[in-house]
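A.B. asks: Sharing run_0.cif here; it has mmCIF, C-alpha atoms.
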data_input
#
loop_
_atom_site.label_atom_id
_atom_site.label_comp_id
_atom_site.auth_asym_id
_atom_site.auth_seq_id
_atom_site.Cartn_x
_atom_site.Cartn_y
_atom_site.Cartn_z
CA MET A 2 4.97 -22.92 100.30
CA SER A 3 5.84 -24.94 97.21
CA VAL A 4 7.49 -28.33 97.32
CA LYS A 5 11.00 -28.97 98.64
CA LEU A 6 12.70 -32.13 97.41
CA THR A 7 15.73 -33.90 98.83
CA THR A 8 17.16 -37.18 97.64
CA ARG A 9 18.97 -39.94 99.49
CA GLN A 10 20.30 -43.32 98.50
CA VAL A 11 19.10 -46.54 100.16
CA GLY A 12 21.12 -49.28 98.48
CA ASP A 13 20.47 -48.83 94.78
CA VAL A 14 17.13 -47.11 95.37
CA THR A 15 16.92 -43.33 95.20
CA VAL A 16 14.42 -42.04 97.74
CA ILE A 17 12.99 -38.60 97.03
CA ASP A 18 11.59 -36.94 100.15
CA ALA A 19 9.04 -34.30 99.21
CA VAL A 20 7.81 -31.64 101.62
CA GLY A 21 5.09 -29.06 100.92
CA ARG A 22 2.61 -28.66 98.08
CA ILE A 23 2.84 -29.94 94.52
CA THR A 24 0.65 -27.45 92.67
CA LEU A 25 0.64 -25.50 89.43
CA GLY A 26 3.65 -23.18 89.21
CA GLU A 27 6.84 -23.48 91.22
CA GLY A 28 5.86 -26.67 92.98
CA SER A 29 5.21 -28.70 89.87
CA SER A 30 8.17 -27.34 87.89
CA ALA A 31 10.62 -28.06 90.75
CA PHE A 32 9.27 -31.57 90.92
CA ARG A 33 9.59 -32.09 87.14
CA GLU A 34 13.18 -30.84 87.07
CA THR A 35 14.24 -33.09 89.94
CA ILE A 36 12.80 -36.19 88.27
CA ARG A 37 14.36 -35.34 84.90
CA ASP A 38 17.71 -34.70 86.55
CA LEU A 39 17.65 -38.04 88.39
CA VAL A 40 16.68 -39.92 85.23
CA ALA A 41 19.39 -38.13 83.22
CA LYS A 42 21.96 -39.25 85.79
CA GLY A 43 20.92 -42.86 85.26
CA ASN A 44 18.87 -43.44 88.41
CA LYS A 45 16.41 -46.20 87.58
CA LYS A 46 14.86 -47.12 90.92
CA LEU A 47 12.99 -44.14 92.31
CA LEU A 48 10.85 -44.08 95.44
CA LEU A 49 8.87 -40.90 96.01
CA ASN A 50 8.13 -40.27 99.68
CA LEU A 51 5.00 -38.11 99.94
CA ALA A 52 4.59 -38.33 103.73
CA ASP A 53 5.02 -34.56 104.13
CA VAL A 54 3.11 -33.49 101.03
CA SER A 55 0.01 -31.84 102.36
CA TYR A 56 -1.57 -30.93 99.07
CA ILE A 57 -1.49 -31.94 95.41
CA ASP A 58 -3.73 -30.33 92.79
CA SER A 59 -4.56 -31.62 89.32
CA SER A 60 -1.34 -30.10 87.94
CA GLY A 61 0.62 -31.92 90.63
CA ILE A 62 -1.17 -35.14 89.76
CA GLY A 63 -0.23 -34.48 86.15
CA GLU A 64 3.39 -34.14 87.22
CA LEU A 65 3.26 -37.46 89.07
CA VAL A 66 1.92 -39.13 85.93
CA SER A 67 4.49 -37.39 83.77
CA ALA A 68 7.26 -38.51 86.15
CA PHE A 69 5.97 -42.07 85.99
CA THR A 70 6.02 -41.97 82.18
CA THR A 71 9.48 -40.35 82.01
CA VAL A 72 11.04 -42.88 84.38
CA THR A 73 9.31 -45.84 82.70
CA ASN A 74 10.38 -44.68 79.23
CA HIS A 75 13.99 -44.66 80.43
CA GLY A 76 13.73 -48.22 81.67
CA GLY A 77 13.26 -47.26 85.29
CA VAL A 78 10.60 -47.70 87.96
CA LEU A 79 8.88 -45.03 90.07
CA LYS A 80 6.95 -46.06 93.17
CA LEU A 81 5.16 -44.03 95.82
CA LEU A 82 5.61 -44.13 99.57
CA ASN A 83 3.62 -42.86 102.58
CA LEU A 84 0.64 -41.16 100.98
CA THR A 85 -1.46 -38.94 103.21
CA LYS A 86 -5.16 -39.70 103.36
CA ARG A 87 -5.93 -36.79 101.04
CA VAL A 88 -3.39 -37.81 98.42
CA GLN A 89 -4.68 -41.39 98.66
CA ASP A 90 -8.18 -40.07 98.01
CA LEU A 91 -6.95 -38.15 94.99
CA LEU A 92 -5.33 -41.24 93.50
CA GLN A 93 -8.57 -43.09 94.15
CA ILE A 94 -10.75 -40.45 92.48
CA THR A 95 -8.47 -40.27 89.45
CA LYS A 96 -8.03 -44.08 89.40
CA LEU A 97 -4.26 -43.65 89.43
CA TYR A 98 -4.05 -46.38 92.03
CA THR A 99 -4.16 -48.66 89.02
CA VAL A 100 -0.95 -47.06 87.70
CA PHE A 101 1.24 -46.50 90.75
CA GLU A 102 2.63 -49.07 93.11
CA VAL A 103 2.10 -47.60 96.58
CA PHE A 104 3.77 -48.51 99.89
CA ASP A 105 3.43 -47.39 103.47
CA ASP A 106 6.63 -49.01 104.68
CA GLU A 107 9.96 -47.77 103.33
CA ALA A 108 11.90 -51.00 103.92
CA ALA A 109 9.26 -53.03 102.12
CA ALA A 110 9.20 -50.51 99.29
CA VAL A 111 12.98 -50.67 98.89
CA ARG A 112 12.93 -54.48 98.93
CA SER A 113 10.28 -54.51 96.22
CA PHE A 114 12.77 -53.07 93.70
CA ALA A 115 15.06 -56.10 94.02
CA MET B 7 -25.29 -7.64 102.05
CA VAL B 8 -27.07 -7.92 98.73
CA LYS B 9 -29.04 -10.75 97.24
CA ILE B 10 -26.99 -12.53 94.63
CA GLN B 11 -28.45 -13.87 91.40
CA PHE B 12 -26.97 -17.33 91.30
CA ALA B 13 -28.88 -20.07 89.59
CA ALA B 14 -28.40 -22.32 92.60
CA CYS B 15 -29.99 -19.68 94.82
CA GLU B 16 -33.02 -19.33 92.62
CA ARG B 17 -34.07 -22.93 92.46
CA ASP B 18 -37.06 -24.42 94.20
CA SER B 19 -39.02 -21.86 96.13
CA TYR B 20 -35.94 -20.80 97.90
CA MET B 21 -36.17 -17.14 97.05
CA ASP B 22 -39.49 -17.03 98.85
CA SER B 23 -37.99 -18.05 102.11
CA SER B 24 -36.87 -15.53 104.66
CA ASN B 25 -33.35 -16.87 104.55
CA ASP B 26 -32.12 -15.50 101.22
CA CYS B 27 -28.94 -16.51 99.48
CA MET B 28 -26.63 -13.70 100.47
CA ALA B 29 -23.47 -12.54 98.77
CA ARG B 30 -20.39 -13.17 100.87
CA LEU B 31 -17.69 -12.16 98.42
CA ASP B 32 -17.56 -10.38 95.06
CA GLN B 33 -14.11 -9.77 93.58
CA TRP B 34 -12.48 -9.25 90.21
CA LEU B 35 -9.08 -10.90 90.11
CA ALA B 36 -6.10 -10.67 87.76
CA SER B 37 -5.30 -13.69 85.61
CA THR B 38 -2.38 -14.85 87.73
CA LEU B 39 -1.42 -17.82 89.89
CA GLU B 40 -1.42 -15.43 92.87
CA SER B 41 -5.16 -14.97 92.25
CA VAL B 42 -5.58 -18.75 92.36
CA ASP B 43 -3.95 -18.85 95.81
CA LEU B 44 -5.94 -15.83 96.97
CA ALA B 45 -9.28 -17.25 95.84
CA GLU B 46 -8.54 -20.59 97.47
CA ALA B 47 -7.58 -18.91 100.74
CA GLU B 48 -10.59 -16.55 100.79
CA VAL B 49 -13.18 -19.18 99.94
CA THR B 50 -11.60 -21.67 102.35
CA ARG B 51 -11.89 -19.05 105.10
CA LEU B 52 -15.52 -18.33 104.25
CA ALA B 53 -16.39 -22.02 104.11
CA ALA B 54 -14.80 -22.58 107.53
CA GLU B 55 -16.63 -19.56 108.95
CA SER B 56 -19.85 -20.96 107.51
CA GLY B 57 -19.47 -24.01 109.70
CA PHE B 58 -18.28 -26.67 107.27
CA GLN B 59 -16.12 -29.39 108.79
CA GLU B 60 -12.39 -29.45 108.01
CA ASP B 61 -12.64 -32.15 105.36
CA GLU B 62 -15.47 -30.37 103.56
CA VAL B 63 -13.58 -27.07 103.74
CA PHE B 64 -10.60 -28.78 102.12
CA LYS B 65 -12.77 -30.12 99.31
CA ILE B 66 -14.36 -26.72 98.67
CA GLY B 67 -10.91 -25.09 98.64
CA MET B 68 -9.53 -27.62 96.23
CA ALA B 69 -12.54 -27.34 93.91
CA VAL B 70 -12.13 -23.56 93.90
CA ARG B 71 -8.43 -23.90 93.18
CA GLU B 72 -9.14 -26.14 90.19
CA ALA B 73 -11.87 -23.81 88.90
CA MET B 74 -9.56 -20.80 89.26
CA VAL B 75 -6.73 -22.59 87.43
CA ASN B 76 -9.20 -23.36 84.69
CA ALA B 77 -10.22 -19.70 84.45
CA VAL B 78 -6.70 -18.22 84.66
CA VAL B 79 -4.78 -20.76 82.59
CA HIS B 80 -7.25 -22.21 80.09
CA GLY B 81 -9.86 -19.43 79.97
CA ASN B 82 -7.97 -16.15 80.21
CA ARG B 83 -4.59 -17.67 79.29
CA TYR B 84 -2.84 -15.42 81.83
CA SER B 85 -3.91 -12.35 79.84
CA GLU B 86 -3.31 -9.03 81.63
CA ARG B 87 -6.38 -7.66 79.85
CA LYS B 88 -8.72 -10.33 81.21
CA ARG B 89 -9.95 -10.86 84.73
CA VAL B 90 -11.69 -13.54 86.74
CA HIS B 91 -14.92 -12.75 88.56
CA LEU B 92 -15.14 -14.61 91.86
CA ARG B 93 -18.38 -14.56 93.83
CA VAL B 94 -19.48 -16.48 96.87
CA ALA B 95 -22.97 -16.69 98.27
CA GLY B 96 -24.36 -18.73 101.10
CA ASP B 97 -27.31 -19.47 103.29
CA ALA B 98 -28.44 -22.05 105.77
CA GLU B 99 -28.76 -24.70 103.11
CA ARG B 100 -25.99 -24.18 100.58
CA PHE B 101 -22.64 -22.57 99.85
CA VAL B 102 -22.25 -21.36 96.27
CA VAL B 103 -19.09 -20.24 94.47
CA ARG B 104 -19.24 -18.78 90.97
CA ILE B 105 -16.06 -18.28 88.95
CA GLU B 106 -16.22 -16.61 85.55
CA ASP B 107 -13.44 -15.99 83.08
CA GLU B 108 -13.32 -13.75 80.01
CA GLY B 109 -11.81 -16.30 77.68
CA ASP B 110 -13.04 -17.78 74.42
CA GLY B 111 -15.01 -20.55 76.13
CA PHE B 112 -14.57 -24.26 75.63
CA ASP B 113 -16.65 -27.30 74.84
CA TRP B 114 -16.82 -28.92 78.28
CA GLN B 115 -19.17 -31.61 77.04
CA SER B 116 -16.52 -33.11 74.79
CA LEU B 117 -13.83 -33.38 77.47
CA PRO B 118 -12.56 -36.95 77.67
CA ASP B 119 -12.96 -39.07 80.80
CA PRO B 120 -9.52 -38.80 82.49
CA THR B 121 -10.02 -42.15 84.23
CA ALA B 122 -10.54 -44.08 80.99
CA GLU B 123 -7.71 -46.47 80.22
CA GLU B 124 -6.64 -44.56 77.11
CA ASN B 125 -6.44 -41.27 79.08
CA ILE B 126 -5.09 -42.40 82.43
CA LEU B 127 -1.50 -41.42 81.59
CA ARG B 128 -2.37 -38.02 80.18
CA GLN B 129 -0.70 -35.19 82.04
CA SER B 130 -3.73 -32.90 82.09
CA GLY B 131 -7.52 -33.01 81.96
CA ARG B 132 -8.37 -33.89 85.57
CA GLY B 133 -9.43 -30.46 86.87
CA LEU B 134 -13.17 -30.64 86.17
CA TRP B 135 -13.23 -34.26 87.23
CA LEU B 136 -11.83 -33.30 90.63
CA ILE B 137 -14.24 -30.38 90.99
CA ARG B 138 -17.17 -32.72 90.32
CA SER B 139 -15.84 -35.10 92.95
CA PHE B 140 -15.50 -32.41 95.60
CA VAL B 141 -18.75 -30.46 95.31
CA ASP B 142 -22.37 -31.55 95.27
CA GLU B 143 -23.20 -29.76 92.04
CA LEU B 144 -21.19 -28.24 89.22
CA LYS B 145 -22.86 -26.07 86.62
CA ILE B 146 -20.89 -24.91 83.59
CA GLU B 147 -22.30 -22.31 81.24
CA PRO B 148 -21.19 -19.62 78.83
CA SER B 149 -20.53 -16.32 80.54
CA GLN B 150 -21.74 -12.98 79.12
CA PRO B 151 -20.48 -11.27 77.02
CA LYS B 152 -17.85 -14.00 76.67
CA GLY B 153 -16.08 -16.61 78.70
CA THR B 154 -17.11 -19.51 80.87
CA ALA B 155 -18.81 -19.60 84.25
CA LEU B 156 -18.41 -22.42 86.74
CA GLU B 157 -20.89 -22.54 89.59
CA LEU B 158 -19.95 -24.83 92.46
CA VAL B 159 -22.55 -25.79 95.05
CA LYS B 160 -21.94 -27.50 98.36
CA TYR B 161 -24.90 -28.40 100.56
CA ARG B 162 -24.78 -28.34 104.32
CA ARG B 163 -25.57 -31.71 105.83
#
Taking this structure as input, can you express it in the form of structure tokens?
C.D. replies:
Amino acid sequence: MSVKLTTRQVGDVTVIDAVGRITLGEGSSAFRETIRDLVAKGNKKLLLNLADVSYIDSSGIGELVSAFTTVTNHGGVLKLLNLTKRVQDLLQITKLYTVFEVFDDEAAAVRSFA
Amino acid sequence: MVKIQFAACERDSYMDSSNDCMARLDQWLASTLESVDLAEAEVTRLAAESGFQEDEVFKIGMAVREAMVNAVVHGNRYSERKRVHLRVAGDAERFVVRIEDEGDGFDWQSLPDPTAEENILRQSGRGLWLIRSFVDELKIEPSQPKGTALELVKYRR
């Protein structure tokens, strides 16, 4: 199964709920298109909920980084929410914890955009 | 089962022991993303059957996935004329996966550190780094007559 993405609005923050795997192929391209679409529509506060993402490979990590760069270059902010232990480990190994702001509480994450 | 000639199996005096490094899988795969999924699933199954714990099985599977992506995408460049040779061997001490492509090879020694500040926002270049993190040993060498071979070794603890 590749990744399925749905978006919802919490105040002025767009929460993207991801379910599945973000890997090379369908998963990473679906993810890229969703982020580009949201940015094109002027969404500047994005919170990516990875609670139900069971697996991310190096291509998926690349897409997270690319999303971060795209959103930042358009004057927006992308933060991460609810990482599984394995995704946390991946961010640790790749030192991307130094890049992403990560939350495990949605309300606190939303407040942090204020 | 046949004895498999993996470098990791030949080290030490291991070949003299009664518990030889036996082939568990030997497949030629097309240069497609379906092959990446297939290899990951097959090796994950074998690793689990070999008695590795869930977390270790996950790491082996992920390392294999990254090595297969490397072979299919960067090595064989999805070519229909090139295949990937996947072999798995195991014994009481180690679990070995060898993945060889038929590509033009690459200079793995000059790959930049993806965690360095100047590279941290690069979209690609983390595959080998992840493989090294997930297995106990990674050997990279030119494959004959052409291509690159990645040999991944995981020791039983």
A.B. asks: With chain A as the partner and 9 Å as the cut-off, tabulate the residues of chain B that qualify, each row holding the nearest pair of atoms and their distance in Å to one decimal, using only C-alpha atoms, sorted by chain and rising number, as a tab-separated table.
C.D. replies:
residue	atom	partner	partner_atom	distance
B:Leu39	CA	A:Gly26	CA	7.4
B:Met68	CA	A:Asp58	CA	7.3
B:Arg71	CA	A:Asp58	CA	8.0
B:Glu72	CA	A:Ser59	CA	7.2
B:Val75	CA	A:Leu25	CA	8.2
B:Pro120	CA	A:Thr95	CA	7.2
B:Thr121	CA	A:Thr95	CA	5.8
B:Ala122	CA	A:Lys96	CA	8.8
B:Ile126	CA	A:Leu97	CA	7.2
B:Leu127	CA	A:Val66	CA	6.0
B:Arg128	CA	A:Val66	CA	7.3
B:Gln129	CA	A:Gly63	CA	4.2
B:Ser130	CA	A:Gly63	CA	5.6
B:Gly131	CA	A:Ser59	CA	8.1
B:Arg132	CA	A:Ser59	CA	5.8
B:Gly133	CA	A:Ser59	CA	5.6
B:Trp135	CA	A:Thr95	CA	8.0
B:Leu136	CA	A:Ile94	CA	7.5
B:Ser139	CA	A:Ile94	CA	7.4
A.B. asks: Of the candidates A:Ile23, A:Lys45, A:Arg37, A:Arg9, which one gets nearest to A:Ala115 if we count all atoms listed in the file?
C.D. replies: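 So, comparing all the options, the nearest one is A:Lys45.
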A.B. asks: Spell out the residues picked by the PyMOL selection byres ((chain B and resi 141) around 8) here, as a ChimeraX atom specification.
C.D. replies: /B:65-66,69,137-140,142-144,158-160
A.B. asks: I want to know what sits within 6 Å of B:Ala155, based on all atoms listed in the file, with residues of the same chain fewer than 5 positions away left out; could you give that as a PDB file with C-alpha atoms, in the frame of the given file?
C.D. replies:
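In the end it all went to out39.pdb:
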ATOM      1  CA  ILE B 105     -16.060 -18.280  88.950  1.00  0.00           C
ATOM      2  CA  GLU B 106     -16.220 -16.610  85.550  1.00  0.00           C
ATOM      3  CA  ILE B 146     -20.890 -24.910  83.590  1.00  0.00           C
ATOM      4  CA  GLU B 147     -22.300 -22.310  81.240  1.00  0.00           C
ATOM      5  CA  PRO B 148     -21.190 -19.620  78.830  1.00  0.00           C
ATOM      6  CA  SER B 149     -20.530 -16.320  80.540  1.00  0.00           C
TER       7      SER B 149
END
A.B. asks: So how far away is atom CA of A:Asn50 from atom CA of A:Leu6, in Å?
C.D. replies: 9.6 Å
A.B. asks: What gap, in Å, lies between atom CA of A:Leu49 and atom CA of A:Leu82?
C.D. replies: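 That distance, rounded to one decimal, is 5.8 Å.
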A.B. asks: For the file shown, report as a ChimeraX atom specification the outcome of the PyMOL selection byres ((chain B and resi 80-84) around 7) at residue level.
C.D. replies: /B:37-38,76-79,85-86,88,107-111,153
A.B. asks: Export stretch 49-106 of chain A from the structure block above, keeping C-alpha atoms, as a PDB file, in the first residue's frame.
C.D. replies:
ATOM      1  CA  LEU A  49       2.193  16.617   8.700  1.00  0.00           C
ATOM      2  CA  ASN A  50       0.672  13.889  10.862  1.00  0.00           C
ATOM      3  CA  LEU A  51       2.723  10.709  10.426  1.00  0.00           C
ATOM      4  CA  ALA A  52       1.005   8.664  13.151  1.00  0.00           C
ATOM      5  CA  ASP A  53      -0.192   6.063  10.645  1.00  0.00           C
ATOM      6  CA  VAL A  54       2.892   6.005   8.436  1.00  0.00           C
ATOM      7  CA  SER A  55       4.414   2.627   9.052  1.00  0.00           C
ATOM      8  CA  TYR A  56       7.370   2.940   6.739  1.00  0.00           C
ATOM      9  CA  ILE A  57       9.483   5.599   5.052  1.00  0.00           C
ATOM     10  CA  ASP A  58      12.490   4.755   2.879  1.00  0.00           C
ATOM     11  CA  SER A  59      15.303   7.049   1.776  1.00  0.00           C
ATOM     12  CA  SER A  60      13.173   8.331  -1.128  1.00  0.00           C
ATOM     13  CA  GLY A  61      10.396   9.144   1.325  1.00  0.00           C
ATOM     14  CA  ILE A  62      12.874  10.939   3.542  1.00  0.00           C
ATOM     15  CA  GLY A  63      13.987  12.846   0.461  1.00  0.00           C
ATOM     16  CA  GLU A  64      10.379  13.845  -0.147  1.00  0.00           C
ATOM     17  CA  LEU A  65      10.024  15.102   3.433  1.00  0.00           C
ATOM     18  CA  VAL A  66      13.131  17.236   2.960  1.00  0.00           C
ATOM     19  CA  SER A  67      11.925  18.447  -0.415  1.00  0.00           C
ATOM     20  CA  ALA A  68       8.538  19.348   1.098  1.00  0.00           C
ATOM     21  CA  PHE A  69      10.280  21.251   3.871  1.00  0.00           C
ATOM     22  CA  THR A  70      12.322  23.206   1.316  1.00  0.00           C
ATOM     23  CA  THR A  71       9.313  23.892  -0.941  1.00  0.00           C
ATOM     24  CA  VAL A  72       7.160  25.168   1.917  1.00  0.00           C
ATOM     25  CA  THR A  73       9.991  27.244   3.418  1.00  0.00           C
ATOM     26  CA  ASN A  74      10.841  28.793   0.031  1.00  0.00           C
ATOM     27  CA  HIS A  75       7.224  29.942  -0.257  1.00  0.00           C
ATOM     28  CA  GLY A  76       7.358  31.623   3.126  1.00  0.00           C
ATOM     29  CA  GLY A  77       5.584  28.827   4.937  1.00  0.00           C
ATOM     30  CA  VAL A  78       6.360  26.406   7.757  1.00  0.00           C
ATOM     31  CA  LEU A  79       6.152  22.603   7.752  1.00  0.00           C
ATOM     32  CA  LYS A  80       6.193  20.728  11.050  1.00  0.00           C
ATOM     33  CA  LEU A  81       5.858  17.043  11.865  1.00  0.00           C
ATOM     34  CA  LEU A  82       3.435  15.367  14.240  1.00  0.00           C
ATOM     35  CA  ASN A  83       3.201  11.918  15.878  1.00  0.00           C
ATOM     36  CA  LEU A  84       6.226  10.106  14.514  1.00  0.00           C
ATOM     37  CA  THR A  85       6.337   6.357  15.022  1.00  0.00           C
ATOM     38  CA  LYS A  86       9.414   4.973  16.738  1.00  0.00           C
ATOM     39  CA  ARG A  87      10.829   3.796  13.414  1.00  0.00           C
ATOM     40  CA  VAL A  88      10.365   7.135  11.689  1.00  0.00           C
ATOM     41  CA  GLN A  89      11.894   8.848  14.736  1.00  0.00           C
ATOM     42  CA  ASP A  90      14.892   6.540  14.410  1.00  0.00           C
ATOM     43  CA  LEU A  91      15.229   7.405  10.739  1.00  0.00           C
ATOM     44  CA  LEU A  92      15.244  11.124  11.475  1.00  0.00           C
ATOM     45  CA  GLN A  93      17.840  10.456  14.146  1.00  0.00           C
ATOM     46  CA  ILE A  94      20.102   8.433  11.841  1.00  0.00           C
ATOM     47  CA  THR A  95      19.879  11.027   9.088  1.00  0.00           C
ATOM     48  CA  LYS A  96      20.184  13.904  11.600  1.00  0.00           C
ATOM     49  CA  LEU A  97      17.017  15.459  10.212  1.00  0.00           C
ATOM     50  CA  TYR A  98      15.866  16.086  13.754  1.00  0.00           C
ATOM     51  CA  THR A  99      18.000  19.192  13.435  1.00  0.00           C
ATOM     52  CA  VAL A 100      15.838  20.373  10.519  1.00  0.00           C
ATOM     53  CA  PHE A 101      12.267  19.473  11.460  1.00  0.00           C
ATOM     54  CA  GLU A 102      10.260  20.697  14.394  1.00  0.00           C
ATOM     55  CA  VAL A 103       8.535  17.594  15.760  1.00  0.00           C
ATOM     56  CA  PHE A 104       5.499  17.312  18.058  1.00  0.00           C
ATOM     57  CA  ASP A 105       3.619  14.487  19.693  1.00  0.00           C
ATOM     58  CA  ASP A 106       0.609  16.565  20.680  1.00  0.00           C
TER      59      ASP A 106
END
